[in-house]
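**Q** This is the structure I have questions about; it appears just below.
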Amino acid sequence: MIRVRLTAQLRDYARGAREVDVESAADLRTMVSKLDQSYPGLGGRIVDDQGKIRPHVNVFVNSENSRELKNENTPLHDGDVVHILPSVSGG
Amino acid sequence: MTKNKGGICLLVGTKKGGFVFTSDSKRKEWRVSGPHLKGNEVYHMACDARNGAILASVVSGHWGPTVARSEDMGASWKESRAPPRFPKGTGLSVARLWQIKPAPEEEPGVVYAGVEPACLFKSKDWGKSWEVNEALMNHKTRKKWQPGGGGLCLHTIIVNGKRPGRMHVAISAVGTLRTDDHGESWRFQNKNVIVGDQPNKYPEYGTCVHKLAINPSTPDVIYQQNHTGVYRSDDAGEQWIDIRHNLPSRFGFPVAADANDPKRAYLAPLEGDFSRIPKDGHFAVWGTDNRGKEWFKLDTGLPEKSYYTVLRDGMVSDLEDPCGLYFGTTTGQLFSSRDHGNHWQRISDCLPPILSVNVSST
């Protein structure tokens, strides 16, 4: 089971839930795809049309930024906690 | 579904959300709601005359673009469950949504949207889900398309309305294209449109169209504000005629056509490409009542001194008689005229930077 913690702006997609579970996913790409199946529209807010994590979105696996790992190809394991957050940018 | 019957609905897209102004048919007193879709850039909004729904092109700096839809005049919004997205493997990704255009009554459920990088999307379910126009996405010249200052954007969609299957789109800095087969194929229509100091001054494509406008009753007459001039076509875009004549400048962004009189059109000229402010610090709308043979200044009620700038979707005409005109500026002023530009009234002076103004009779 992968636990996904959603930032406030994304919770409307998950009917207000702060966190949701994904049964299993080999990597972040698969996890986003499964999230989008359960919560239509959510995936497209995290990744662009070609499946790349949006430039101003940070996805942490446990405490590590996926950009320091393998981006969308970062492998996931049972028990991982994924945080999806807006980057502190724009100013 | 709520409809604001018997009045005018003015939809203002800004860098900080959308605003909805409503008035009765006198167009004198306005009520405002908003900002809607806070935290987002609302590039464009359109009221679907078929059912009263409002559609909005929304871009979040963090979460990307989507289309939002309201069935209660903005009190609540729902995002598209499958927003405009390019197919995987194309290498293309929607960066921004531009104009959104509900189709005529004869095409129930159909809505069009233009995007950056330039392409057209179509919804068949009132804006809930979207599919790409493959003919434009795979156009044989696409790799040679150059972006304009606002990006490589498809910013204008005109549905002919009288000839089924005919549409025009405008792309900066590519030019104007037309389809006569519901978007199955497209051909360029830039004949006689100059591109400036280039070896080939009249290329098939590569012209910087800024905006197109039609009178719905005469849809084959098209007015064009281009980077390099002002044009009119009398044959659905086959040929363009230079109609700059006595305008103070050939440069500007918006153009609006009068819904009552096809001989009337309106512009908001700027000094020029390298000085995008009104000439002499005096903003004015310019109008013609003889299809562009002569132009006259329409500035009664506008400030004597101002550096207003109106973007390409920032000026629009309504369908009332006499025709109403509306424009919004990048510094947040919103003006209206109830008599085709002869007198102007300030509706608001303090909005966020205005990206677009659209109007609907409801």
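Ligands are numbered from 1 in the order shown, residues from 1 within each chain, and chains are lettered A, B, ... in the order they appear in the structure tokens.
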Can you check which residues of chain B have any atom within 8 Å of chain A? Use only C-alpha atoms and format it as a count of residues only.
**A** 19
**Q** Do a neighbour search on stretch 326-340 of chain B at 8 Å with only C-alpha atoms, toss out local chain neighbours closer than 6 positions, and write the hits as a ChimeraX atom specification.
**A** /B:12,27,258,308-311,314-317,346-357
**Q** Near stretch 21-26 of chain A, within 6 Å and counting only C-alpha atoms, which residues show up once chain neighbours fewer than 5 positions away are dropped, as a PyMOL selection string?
**A** chain A and resi 1-4+31+75-76
**Q** Pull C-alpha atoms from the residues just selected and write them as a JSON list (two decimals), in the first residue's frame.
**A**
```
[["chain", "number", "residue", "atom", "x", "y", "z"],
["A", 1, "MET", "CA", 0.00, 0.00, 0.00],
["A", 2, "ILE", "CA", 1.29, 3.47, -0.95],
["A", 3, "ARG", "CA", -0.02, 6.39, 1.07],
["A", 4, "VAL", "CA", -0.38, 9.66, -0.85],
["A", 31, "MET", "CA", 0.96, 5.74, -9.03],
["A", 75, "PRO", "CA", 10.45, 3.11, -7.75],
["A", 76, "LEU", "CA", 7.88, 2.72, -5.01]]
```
**Q** Which of stretch 21-133 of chain B end up as strand (DSSP E) when DSSP is run on this backbone - answer as an NGL selection string?
**A** :B and (21-24 or 31-36 or 41-47 or 54-60 or 64-70 or 78-79 or 96-102 or 111-116 or 119-123 or 131-132)
**Q** Tell me, which residues of stretch 21-64 of chain A carry DSSP helix (DSSP H, G or I), written as an NGL selection string?
**A** :A and (28-38 or 42-46)
**Q** Show me, as a list in words, the residues that have an atom within 10 Å of A:Arg18 when counting only C-alpha atoms, minus same-chain residues fewer than 4 positions from it.
**A**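 My reading of the contact set: Val4, Arg5, Leu6, Thr7, Ala8, Leu10, Arg11, Asp12 and Ala14 of chain A.
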**Q** With a distance cut-off of 6 Å and only C-alpha atoms, select the neighbouring residues of B:Leu120, excluding the residue or stretch itself and same-chain residues fewer than 3 positions from it, and output the selection as a CSV table (one decimal) with C-alpha atoms, in the first residue's frame.
**A**
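Writing done, so here's part.csv:
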```csv
chain,number,residue,atom,x,y,z
B,113,ALA,CA,-10.7,25.6,-27.3
B,114,GLY,CA,-7.4,27.0,-28.6
B,133,ASN,CA,-7.8,18.2,-33.7
```
**Q** Here is a test: counting only C-alpha atoms, which residue of A:Leu28, A:Val61, A:Ser33, A:Ser38 is nearest to A:Asn73?
**A** A:Leu28
**Q** B:Asn290: which residues within 9 Å, counting only C-alpha atoms, same-chain residues fewer than 5 positions away excluded, as a ChimeraX atom specification?
**A** /B:262-265,295
**Q** Could you please take those selected residues and save C-alpha atoms as a tab-separated table (two decimals), in the first residue's frame?
**A**
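To be explicit, this is the file written out as out25.tsv:
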```tsv
chain	number	residue	atom	x	y	z
B	262	PRO	CA	-21.24	44.75	-41.12
B	263	LYS	CA	-19.67	48.00	-42.34
B	264	ARG	CA	-18.66	48.86	-38.76
B	265	ALA	CA	-15.57	47.61	-36.93
B	295	TRP	CA	-11.49	55.56	-39.43
```
